[in-house]
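Dropping my_file_4.pdb in here (PDB, C-alpha atoms):
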ATOM      1  CA  MET A  16      55.385 -56.429  67.602
ATOM      2  CA  LEU A  17      53.712 -54.643  70.500
ATOM      3  CA  LEU A  18      50.666 -53.859  68.410
ATOM      4  CA  PRO A  19      48.747 -57.106  69.181
ATOM      5  CA  PHE A  20      49.251 -56.512  72.903
ATOM      6  CA  LEU A  21      48.149 -52.896  72.658
ATOM      7  CA  LEU A  22      45.089 -53.864  70.686
ATOM      8  CA  GLY A  23      44.272 -56.713  73.087
ATOM      9  CA  CYS A  24      41.553 -59.120  72.118
ATOM     10  CA  SER A  25      39.193 -56.383  70.870
ATOM     11  CA  PRO A  26      41.209 -55.127  67.933
ATOM     12  CA  PHE A  27      38.419 -53.012  66.454
ATOM     13  CA  GLU A  28      37.827 -51.088  69.671
ATOM     14  CA  GLY A  29      38.708 -47.414  69.724
ATOM     15  CA  THR A  30      37.944 -44.120  68.046
ATOM     16  CA  TRP A  31      38.450 -44.025  64.310
ATOM     17  CA  VAL A  32      38.377 -41.412  61.593
ATOM     18  CA  PHE A  33      36.276 -42.831  58.776
ATOM     19  CA  TYR A  34      36.756 -41.616  55.221
ATOM     20  CA  LEU A  35      33.817 -42.826  53.170
ATOM     21  CA  ASP A  36      33.851 -42.809  49.395
ATOM     22  CA  ALA A  37      32.254 -39.584  48.252
ATOM     23  CA  GLU A  38      29.989 -41.360  45.814
ATOM     24  CA  PRO A  39      28.259 -44.585  46.786
ATOM     25  CA  ALA A  40      27.308 -47.558  44.669
ATOM     26  CA  VAL A  41      23.517 -47.381  44.479
ATOM     27  CA  SER A  42      21.306 -50.374  43.828
ATOM     28  CA  GLY A  43      17.630 -51.181  43.827
ATOM     29  CA  ASP A  44      14.737 -49.004  42.756
ATOM     30  CA  CYS A  45      16.689 -45.789  43.278
ATOM     31  CA  ALA A  46      19.640 -46.845  41.132
ATOM     32  CA  ASP A  47      18.565 -44.741  38.195
ATOM     33  CA  GLU A  48      17.532 -41.655  40.127
ATOM     34  CA  ASP A  49      20.996 -40.082  40.050
ATOM     35  CA  ASP A  50      22.190 -40.630  36.524
ATOM     36  CA  ASP A  51      23.541 -37.176  35.704
ATOM     37  CA  ASP A  52      27.144 -36.450  34.811
ATOM     38  CA  SER A  53      28.053 -34.872  38.098
ATOM     39  CA  SER A  54      30.865 -35.995  40.338
ATOM     40  CA  TYR A  55      31.795 -35.159  43.884
ATOM     41  CA  ASP A  56      34.928 -35.794  45.878
ATOM     42  CA  THR A  57      36.034 -34.886  49.382
ATOM     43  CA  ASN A  58      38.422 -35.771  52.170
ATOM     44  CA  ARG A  59      35.657 -35.209  54.710
ATOM     45  CA  GLY A  60      36.061 -37.572  57.638
ATOM     46  CA  MET A  61      33.811 -38.621  60.476
ATOM     47  CA  LEU A  62      34.630 -39.802  63.968
ATOM     48  CA  VAL A  63      33.345 -43.285  64.753
ATOM     49  CA  ASP A  64      33.557 -44.929  68.162
ATOM     50  CA  ILE A  65      33.728 -48.701  68.358
ATOM     51  CA  TYR A  66      33.197 -50.328  71.736
ATOM     52  CA  ALA A  67      33.731 -53.922  72.811
ATOM     53  CA  LEU A  68      30.740 -55.286  74.692
ATOM     54  CA  ALA A  69      31.032 -57.353  77.821
ATOM     55  CA  SER A  70      29.054 -60.035  75.999
ATOM     56  CA  GLY A  71      31.794 -60.327  73.421
ATOM     57  CA  GLY A  72      30.272 -58.337  70.586
ATOM     58  CA  TYR A  73      30.819 -54.789  69.399
ATOM     59  CA  ALA A  74      28.845 -51.567  69.305
ATOM     60  CA  VAL A  75      29.656 -49.130  66.497
ATOM     61  CA  VAL A  76      28.489 -45.527  66.847
ATOM     62  CA  LEU A  77      28.055 -44.418  63.252
ATOM     63  CA  GLU A  78      25.074 -42.070  63.169
ATOM     64  CA  GLU A  79      23.049 -44.946  64.583
ATOM     65  CA  VAL A  80      24.392 -47.510  67.047
ATOM     66  CA  LEU A  81      25.187 -50.709  65.183
ATOM     67  CA  THR A  82      25.806 -53.956  67.018
ATOM     68  CA  GLY A  83      27.601 -57.020  65.769
ATOM     69  CA  GLU A  84      30.327 -59.578  66.075
ATOM     70  CA  ALA A  85      33.895 -60.022  64.960
ATOM     71  CA  GLY A  86      35.315 -63.265  63.733
ATOM     72  CA  GLY A  87      38.030 -64.406  61.399
ATOM     73  CA  GLY A  88      39.545 -60.941  61.404
ATOM     74  CA  ALA A  89      36.348 -59.309  60.167
ATOM     75  CA  LEU A  90      33.718 -57.218  61.902
ATOM     76  CA  HIS A  91      30.072 -57.200  60.887
ATOM     77  CA  ALA A  92      27.638 -54.874  62.627
ATOM     78  CA  GLU A  93      24.156 -53.699  61.766
ATOM     79  CA  TRP A  94      21.320 -51.449  62.816
ATOM     80  CA  LEU A  95      17.739 -52.040  61.758
ATOM     81  CA  GLU A  96      14.426 -50.339  62.333
ATOM     82  CA  GLU A  97      11.195 -51.755  61.069
ATOM     83  CA  TYR A  98       7.686 -50.443  61.486
ATOM     84  CA  THR A  99       4.266 -51.282  60.160
ATOM     85  CA  GLU A 100       1.423 -48.990  59.157
ATOM     86  CA  GLY A 101      -1.669 -50.874  58.092
ATOM     87  CA  SER A 102      -0.598 -53.449  55.556
ATOM     88  CA  THR A 103       2.688 -51.693  54.767
ATOM     89  CA  THR A 104       5.949 -52.513  56.502
ATOM     90  CA  ARG A 105       8.912 -50.202  56.163
ATOM     91  CA  SER A 106      12.490 -50.807  57.117
ATOM     92  CA  ASN A 107      15.655 -48.750  57.330
ATOM     93  CA  TYR A 108      19.020 -50.316  57.938
ATOM     94  CA  LEU A 109      22.709 -49.601  58.232
ATOM     95  CA  THR A 110      25.413 -52.254  58.021
ATOM     96  CA  LEU A 111      29.165 -52.205  58.391
ATOM     97  CA  ASP A 112      31.668 -54.819  57.240
ATOM     98  CA  ALA A 113      35.301 -54.208  58.068
ATOM     99  CA  THR A 114      38.693 -55.813  58.261
ATOM    100  CA  LEU A 115      41.967 -54.616  59.720
ATOM    101  CA  GLU A 116      44.996 -54.093  57.572
ATOM    102  CA  ALA A 117      48.088 -53.080  59.546
ATOM    103  CA  ALA A 118      46.918 -50.071  61.569
ATOM    104  CA  ALA A 119      44.076 -49.201  59.215
ATOM    105  CA  MET A 120      40.528 -50.464  58.863
ATOM    106  CA  LEU A 121      38.945 -51.070  55.475
ATOM    107  CA  GLY A 122      35.448 -52.021  54.516
ATOM    108  CA  GLU A 123      32.007 -51.038  53.392
ATOM    109  CA  VAL A 124      29.075 -49.230  54.934
ATOM    110  CA  SER A 125      25.662 -49.812  53.431
ATOM    111  CA  THR A 126      22.536 -47.830  54.152
ATOM    112  CA  GLY A 127      19.184 -48.673  52.728
ATOM    113  CA  SER A 128      15.473 -48.989  53.063
ATOM    114  CA  TRP A 129      12.725 -51.226  51.785
ATOM    115  CA  ARG A 130       8.958 -51.275  51.831
ATOM    116  CA  GLU A 131       6.670 -54.246  51.709
ATOM    117  CA  SER A 132       2.944 -54.193  51.076
ATOM    118  CA  GLU A 133       0.425 -56.986  50.903
ATOM    119  CA  GLY A 134       3.153 -59.512  51.521
ATOM    120  CA  GLY A 135       5.377 -58.460  48.653
ATOM    121  CA  SER A 136       8.311 -56.093  48.316
ATOM    122  CA  ASP A 137       7.424 -52.952  46.369
ATOM    123  CA  TYR A 138      10.457 -50.756  46.983
ATOM    124  CA  SER A 139      14.079 -51.146  47.974
ATOM    125  CA  CYS A 140      17.107 -48.912  47.776
ATOM    126  CA  GLU A 141      20.659 -49.375  49.000
ATOM    127  CA  SER A 142      23.745 -47.182  48.923
ATOM    128  CA  THR A 143      27.122 -48.758  49.624
ATOM    129  CA  TYR A 144      30.159 -46.707  50.538
ATOM    130  CA  GLY A 145      33.657 -48.108  50.625
ATOM    131  CA  PHE A 146      35.741 -46.651  53.411
ATOM    132  CA  THR A 147      39.140 -46.509  55.011
ATOM    133  CA  ALA A 148      39.604 -45.639  58.651
ATOM    134  CA  ASP A 149      42.531 -44.355  60.653
ATOM    135  CA  ARG A 150      42.723 -45.007  64.396
ATOM    136  CA  ILE A 151      42.962 -42.070  66.795
ATOM    137  CA  THR A 152      45.977 -42.622  69.026
ATOM    138  CA  SER A 153      45.771 -39.452  71.129
ATOM    139  CA  ASN A 154      45.465 -39.707  74.886
ATOM    140  CA  ARG A 155      41.811 -39.235  75.853
ATOM    141  CA  ASP A 156      42.852 -37.396  79.015
ATOM    142  CA  SER A 157      43.897 -34.458  76.830
ATOM    143  CA  TYR A 158      40.317 -33.590  75.935
ATOM    144  CA  VAL A 159      37.447 -31.855  77.608
ATOM    145  CA  GLU A 160      34.291 -33.814  77.190
ATOM    146  CA  GLY A 161      31.684 -31.122  76.714
ATOM    147  CA  GLU A 162      28.779 -31.833  74.419
ATOM    148  CA  GLN A 163      29.313 -30.304  71.013
TER     149      GLN A 163
ATOM    150  CA  MET B   7      52.084 -28.841  84.279
ATOM    151  CA  THR B   8      53.989 -25.905  82.773
ATOM    152  CA  ALA B   9      56.949 -28.132  81.981
ATOM    153  CA  PHE B  10      54.613 -30.570  80.268
ATOM    154  CA  TRP B  11      53.065 -27.922  78.020
ATOM    155  CA  LEU B  12      56.505 -26.502  77.299
ATOM    156  CA  LEU B  13      57.599 -29.916  76.101
ATOM    157  CA  ALA B  14      54.373 -30.303  74.163
ATOM    158  CA  ALA B  15      54.816 -26.950  72.468
ATOM    159  CA  CYS B  16      58.439 -27.593  71.589
ATOM    160  CA  GLY B  17      57.480 -30.944  70.127
ATOM    161  CA  GLY B  18      54.656 -29.446  68.090
ATOM    162  CA  ASN B  19      52.111 -31.550  69.957
ATOM    163  CA  TYR B  20      48.725 -29.997  69.323
ATOM    164  CA  ASP B  21      46.769 -32.947  70.728
ATOM    165  CA  GLY B  22      44.021 -31.830  73.058
ATOM    166  CA  SER B  23      41.132 -29.427  73.313
ATOM    167  CA  TRP B  24      41.557 -25.782  72.384
ATOM    168  CA  LEU B  25      39.448 -22.695  72.776
ATOM    169  CA  MET B  26      39.936 -20.984  69.434
ATOM    170  CA  SER B  27      38.773 -17.473  68.677
ATOM    171  CA  PHE B  28      38.211 -16.642  65.025
ATOM    172  CA  ILE B  29      38.112 -13.014  63.890
ATOM    173  CA  TYR B  30      36.658 -12.485  60.428
ATOM    174  CA  LYS B  31      38.859 -10.695  57.912
ATOM    175  CA  ALA B  32      36.685  -9.021  55.314
ATOM    176  CA  GLU B  33      38.220  -7.279  52.335
ATOM    177  CA  GLU B  34      34.908  -6.165  50.910
ATOM    178  CA  GLY B  35      31.588  -5.536  52.543
ATOM    179  CA  GLY B  36      30.848  -5.747  56.221
ATOM    180  CA  GLY B  37      31.513  -8.243  58.879
ATOM    181  CA  ALA B  38      35.166  -7.520  59.530
ATOM    182  CA  GLY B  39      35.982  -8.144  63.144
ATOM    183  CA  ARG B  40      33.102 -10.502  63.710
ATOM    184  CA  ARG B  41      34.229 -13.033  66.253
ATOM    185  CA  GLU B  42      33.356 -16.676  66.707
ATOM    186  CA  ASP B  43      34.685 -18.896  69.476
ATOM    187  CA  LEU B  44      34.854 -22.658  69.188
ATOM    188  CA  ILE B  45      36.214 -25.576  71.136
ATOM    189  CA  VAL B  46      38.403 -27.456  68.690
ATOM    190  CA  ASP B  47      39.725 -30.937  69.412
ATOM    191  CA  ILE B  48      42.955 -31.963  67.713
ATOM    192  CA  TYR B  49      43.934 -35.618  67.377
ATOM    193  CA  THR B  50      46.787 -37.720  66.053
ATOM    194  CA  THR B  51      46.084 -40.931  64.162
ATOM    195  CA  ALA B  52      47.983 -44.182  63.787
ATOM    196  CA  SER B  53      49.108 -43.189  60.304
ATOM    197  CA  GLY B  54      50.579 -39.951  61.625
ATOM    198  CA  GLN B  55      47.840 -37.677  60.318
ATOM    199  CA  THR B  56      46.580 -34.741  62.351
ATOM    200  CA  VAL B  57      42.821 -34.312  62.600
ATOM    201  CA  ALA B  58      41.030 -31.207  63.868
ATOM    202  CA  ASP B  59      37.388 -31.416  64.866
ATOM    203  CA  LEU B  60      35.704 -28.042  64.440
ATOM    204  CA  ALA B  61      32.279 -28.656  65.916
ATOM    205  CA  GLY B  62      31.850 -31.872  63.957
ATOM    206  CA  THR B  63      33.611 -30.726  60.807
ATOM    207  CA  LEU B  64      36.782 -32.786  60.511
ATOM    208  CA  MET B  65      39.869 -31.393  58.832
ATOM    209  CA  THR B  66      42.888 -33.573  58.090
ATOM    210  CA  GLY B  67      46.525 -32.691  57.604
ATOM    211  CA  THR B  68      49.960 -32.750  59.123
ATOM    212  CA  ILE B  69      52.321 -30.975  61.466
ATOM    213  CA  GLU B  70      55.552 -29.892  59.878
ATOM    214  CA  ALA B  71      58.330 -27.908  61.505
ATOM    215  CA  GLY B  72      56.045 -27.311  64.461
ATOM    216  CA  ALA B  73      53.261 -25.783  62.383
ATOM    217  CA  ILE B  74      49.844 -27.369  61.963
ATOM    218  CA  GLU B  75      47.904 -27.330  58.701
ATOM    219  CA  VAL B  76      44.676 -29.256  58.277
ATOM    220  CA  SER B  77      42.076 -28.914  55.581
ATOM    221  CA  LEU B  78      38.711 -30.049  54.335
ATOM    222  CA  VAL B  79      38.383 -30.175  50.564
ATOM    223  CA  GLU B  80      35.232 -30.680  48.540
ATOM    224  CA  SER B  81      35.090 -30.669  44.776
ATOM    225  CA  TYR B  82      32.200 -30.869  42.346
ATOM    226  CA  ALA B  83      32.093 -31.299  38.609
ATOM    227  CA  TYR B  84      29.263 -31.675  36.157
ATOM    228  CA  LYS B  85      28.375 -31.050  32.565
ATOM    229  CA  ARG B  86      25.718 -28.574  31.546
ATOM    230  CA  GLY B  87      25.201 -28.596  27.818
ATOM    231  CA  ASP B  88      28.567 -28.144  26.180
ATOM    232  CA  CYS B  89      30.090 -26.660  29.286
ATOM    233  CA  THR B  90      31.875 -28.341  32.113
ATOM    234  CA  TYR B  91      31.468 -26.857  35.526
ATOM    235  CA  GLU B  92      34.098 -27.533  38.167
ATOM    236  CA  SER B  93      34.477 -26.147  41.645
ATOM    237  CA  GLU B  94      36.577 -26.722  44.686
ATOM    238  CA  GLN B  95      36.195 -25.309  48.143
ATOM    239  CA  ARG B  96      39.026 -25.719  50.579
ATOM    240  CA  LEU B  97      38.763 -24.882  54.267
ATOM    241  CA  THR B  98      42.232 -24.711  55.812
ATOM    242  CA  LEU B  99      43.234 -24.194  59.418
ATOM    243  CA  SER B 100      46.878 -23.330  59.933
ATOM    244  CA  GLY B 101      48.793 -22.188  62.952
ATOM    245  CA  GLU B 102      51.776 -22.473  65.181
ATOM    246  CA  PHE B 103      52.634 -22.147  68.811
ATOM    247  CA  THR B 104      53.062 -18.623  70.162
ATOM    248  CA  GLY B 105      53.460 -19.752  73.768
ATOM    249  CA  THR B 106      53.553 -22.920  75.794
ATOM    250  CA  ALA B 107      49.777 -23.363  75.509
ATOM    251  CA  GLU B 108      48.880 -20.747  72.911
ATOM    252  CA  VAL B 109      48.596 -20.926  69.151
ATOM    253  CA  ALA B 110      47.871 -18.414  66.412
ATOM    254  CA  GLY B 111      47.166 -18.661  62.724
ATOM    255  CA  ASP B 112      44.397 -18.501  60.160
ATOM    256  CA  LEU B 113      41.262 -20.235  59.024
ATOM    257  CA  GLN B 114      40.884 -19.715  55.294
ATOM    258  CA  LEU B 115      38.095 -20.633  52.923
ATOM    259  CA  LYS B 116      39.134 -20.658  49.283
ATOM    260  CA  TYR B 117      36.736 -21.228  46.443
ATOM    261  CA  THR B 118      37.810 -21.833  42.881
ATOM    262  CA  GLY B 119      35.329 -22.447  40.126
ATOM    263  CA  ARG B 120      35.283 -22.830  36.379
ATOM    264  CA  ASP B 121      32.142 -22.555  34.308
ATOM    265  CA  CYS B 122      32.920 -23.018  30.618
ATOM    266  CA  ASP B 123      35.756 -20.565  30.099
ATOM    267  CA  GLU B 124      35.015 -18.364  33.069
ATOM    268  CA  THR B 125      36.994 -18.876  36.218
ATOM    269  CA  GLU B 126      36.368 -17.452  39.636
ATOM    270  CA  THR B 127      38.384 -17.442  42.820
ATOM    271  CA  ASP B 128      37.256 -16.182  46.162
ATOM    272  CA  VAL B 129      39.204 -16.219  49.397
ATOM    273  CA  SER B 130      37.897 -15.297  52.786
ATOM    274  CA  GLY B 131      39.055 -16.099  56.219
ATOM    275  CA  TYR B 132      39.622 -15.515  59.863
ATOM    276  CA  SER B 133      42.601 -14.928  62.039
ATOM    277  CA  MET B 134      42.814 -17.515  64.778
ATOM    278  CA  THR B 135      44.147 -17.492  68.293
ATOM    279  CA  GLY B 136      43.858 -20.553  70.497
ATOM    280  CA  LEU B 137      44.294 -21.367  74.158
ATOM    281  CA  ARG B 138      44.747 -24.916  75.323
ATOM    282  CA  LEU B 139      41.951 -26.067  77.615
ATOM    283  CA  ASP B 140      42.686 -27.779  80.886
ATOM    284  CA  ALA B 141      41.234 -31.234  80.337
ATOM    285  CA  ASP B 142      39.852 -32.057  83.728
ATOM    286  CA  PRO B 143      36.320 -33.331  83.199
ATOM    287  CA  ALA B 144      35.770 -33.551  86.954
ATOM    288  CA  SER B 145      35.954 -29.791  87.300
ATOM    289  CA  HIS B 146      33.104 -28.752  85.022
ATOM    290  CA  VAL B 147      29.560 -29.784  84.288
ATOM    291  CA  GLY B 148      28.522 -27.438  81.495
ATOM    292  CA  SER B 149      28.839 -27.605  77.766
ATOM    293  CA  PHE B 150      30.102 -25.161  75.199
ATOM    294  CA  ASN B 151      27.798 -24.031  72.452
ATOM    295  CA  ASN B 152      29.640 -24.732  69.264
ATOM    296  CA  TYR B 153      27.930 -24.188  65.974
ATOM    297  CA  TRP B 154      28.160 -26.189  62.818
ATOM    298  CA  PHE B 155      30.503 -24.480  60.417
ATOM    299  CA  ASP B 156      28.736 -25.761  57.359
ATOM    300  CA  ASP B 157      25.624 -23.829  58.270
ATOM    301  CA  TYR B 158      27.481 -20.611  57.736
ATOM    302  CA  TYR B 159      30.027 -21.174  55.021
ATOM    303  CA  TYR B 160      29.094 -23.075  51.980
ATOM    304  CA  TYR B 161      28.813 -22.998  48.251
ATOM    305  CA  ASP B 162      25.777 -24.517  46.665
ATOM    306  CA  ASP B 163      25.848 -26.821  43.675
ATOM    307  CA  TYR B 164      26.033 -23.824  41.371
ATOM    308  CA  GLY B 165      29.002 -22.267  43.096
ATOM    309  CA  ASN B 166      27.036 -19.540  44.812
ATOM    310  CA  TYR B 167      28.558 -18.480  48.057
ATOM    311  CA  GLY B 168      26.294 -17.819  50.973
ATOM    312  CA  ASP B 169      26.402 -17.213  54.677
ATOM    313  CA  ASP B 170      22.764 -17.663  55.521
ATOM    314  CA  GLU B 171      22.055 -20.761  57.569
ATOM    315  CA  ASP B 172      18.523 -20.795  56.189
ATOM    316  CA  PHE B 173      19.969 -22.361  53.076
ATOM    317  CA  GLY B 174      21.039 -25.423  55.034
ATOM    318  CA  ASP B 175      24.415 -27.045  55.159
ATOM    319  CA  SER B 176      26.640 -28.302  52.410
ATOM    320  CA  GLY B 177      26.984 -31.831  53.736
TER     321      GLY B 177
END

Target encoding structure tokens, full file:
Amino acid sequence: MLLPFLLGCSPFEGTWVFYLDAEPAVSGDCADEDDDDSSYDTNRGMLVDIYALASGGYAVVLEEVLTGEAGGGALHAEWLEEYTEGSTTRSNYLTLDATLEAAAMLGEVSTGSWRESEGGSDYSCESTYGFTADRITSNRDSYVEGEQ
Amino acid sequence: MTAFWLLAACGGNYDGSWLMSFIYKAEEGGGAGRREDLIVDIYTTASGQTVADLAGTLMTGTIEAGAIEVSLVESYAYKRGDCTYESEQRLTLSGEFTGTAEVAGDLQLKYTGRDCDETETDVSGYSMTGLRLDADPASHVGSFNNYWFDDYYYYDDYGNYGDDEDFGDSG
């Protein structure tokens, strides 16, 4: 029963170990590029920091820094870069959608890119990874904070 | 502080930062005795798992009877003609307390592969000794040069083992 108090009003905040599905669901123009019979599996995890912002949103440090909002028990955060060269616009993005289930976090991470030329889309690709995450509960004072 | 670490050691609490020294154990060829030092952070999660961060390579496991064992497992499988190729590489860090703030154990890399009817197993590893670091960020300004384990120990998609970082990492 203490959990809601410990989590406060920023329940997603903290350091998490993310375990992404080893093989993503791929869609768009690249969907057929990896159609061999290979499979890959791993328990490889990654540390992800989620911070509550003073403005009420969240910042998620997951390779890039995603920003977003939580509502209705769900967190949505995204990162986007977009640049134009001549008449071609390119974009790369990363999104996270997550919910809490007991002490765990579940959701999806999508990474993708698209290209638009002469006003029309001519390429898009997206990879979506399901994930589970486990919250780090260790005391931060136990760690040196050297850059690694 | 000594009483704290004594309690921590008795309770099997590995949480914190460790300076771990790894000494390579080579059965064939050279390299025996080669030493690598790393700062390794060990965490506990809400589900009770133990996670070790070796320079960005996370290994997950448990602490049982005061001994830590965490691992990173990667497996591949694919078909090539009529043959099925399967491989698994397992990096395992194991150890136990040898003092109030000291641990010792092993870091083992085990490869198993099957290509059609041929199987192959290769085991290599390091002995490990670790000293708990005093976590007072106010007392230091430098950083420790860890390296990325995957640059040195990997198997490529065909099961070839290499230790040359020029080949890139396995991620």

### Task
Taking the file as shown, find all residues satisfying the PyMOL selection byres ((chain A and resi 27) around 8) and write them as an MDAnalysis selection string.
chainID A and resid 22 25:26 28:29 65:67 90 115

### Task
Excluding Ala148 (chain A) and any residue of its chain fewer than 3 positions from it, enumerate the residues within 9 Å of it, using only C-alpha atoms, and give them as a list in words.
Trp31, Val32, Phe33, Tyr34, Leu35, Gly60, Ala119, Met120, Leu121 and Gly122 of chain A

How about saving the chosen residues, C-alpha atoms kept, as an mmCIF file, in the coordinates of the input?
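again_35.cif written:
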data_model
loop_
_atom_site.group_PDB
_atom_site.id
_atom_site.type_symbol
_atom_site.label_atom_id
_atom_site.label_comp_id
_atom_site.auth_asym_id
_atom_site.auth_seq_id
_atom_site.Cartn_x
_atom_site.Cartn_y
_atom_site.Cartn_z
ATOM 1 C CA TRP A 31 38.450 -44.025 64.310
ATOM 2 C CA VAL A 32 38.377 -41.412 61.593
ATOM 3 C CA PHE A 33 36.276 -42.831 58.776
ATOM 4 C CA TYR A 34 36.756 -41.616 55.221
ATOM 5 C CA LEU A 35 33.817 -42.826 53.170
ATOM 6 C CA GLY A 60 36.061 -37.572 57.638
ATOM 7 C CA ALA A 119 44.076 -49.201 59.215
ATOM 8 C CA MET A 120 40.528 -50.464 58.863
ATOM 9 C CA LEU A 121 38.945 -51.070 55.475
ATOM 10 C CA GLY A 122 35.448 -52.021 54.516
#

### Task
Identify the residues within 12 Å of coordinate (35.8, -35.4, 50.2) (same frame as the file), considering only C-alpha atoms, and give the answer as a PyMOL selection string.
(chain A and resi 33-38+54-61+146) or (chain B and resi 63-66+77-82+94-97+176-177)

### Task
Show which residues sit within 6 Å of Val63 (chain A), as a PyMOL selection string. Count all atoms listed in the file, and ignore same-chain residues fewer than 6 positions away.
chain A and resi 30-31+76-77

### Message
So the first atom is CA of Glu108 (chain B) and the second is CA of Thr152 (chain A); what is the distance between them in Å, to one decimal place?
### Response
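For CA of Glu108 (chain B) relative to CA of Thr152 (chain A), the distance reads 22.4 Å.
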
### Task
Have a look at B:Ile29, B:Glu70, B:Arg138, B:Arg40 and name the one nearest to chain A; count only C-alpha atoms.
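Using only C-alpha atoms, chain A sits closest to B:Arg138.
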
### Closest of B:Phe28, B:Tyr49, B:Tyr20, B:Tyr117 to chain A - atom-to-atom distances counting only C-alpha atoms
B:Tyr49

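Among the candidates A:Ala46, A:Ala113, A:Val80, A:Leu62, the one nearest to chain B when counting all atoms listed in the file is A:Leu62.
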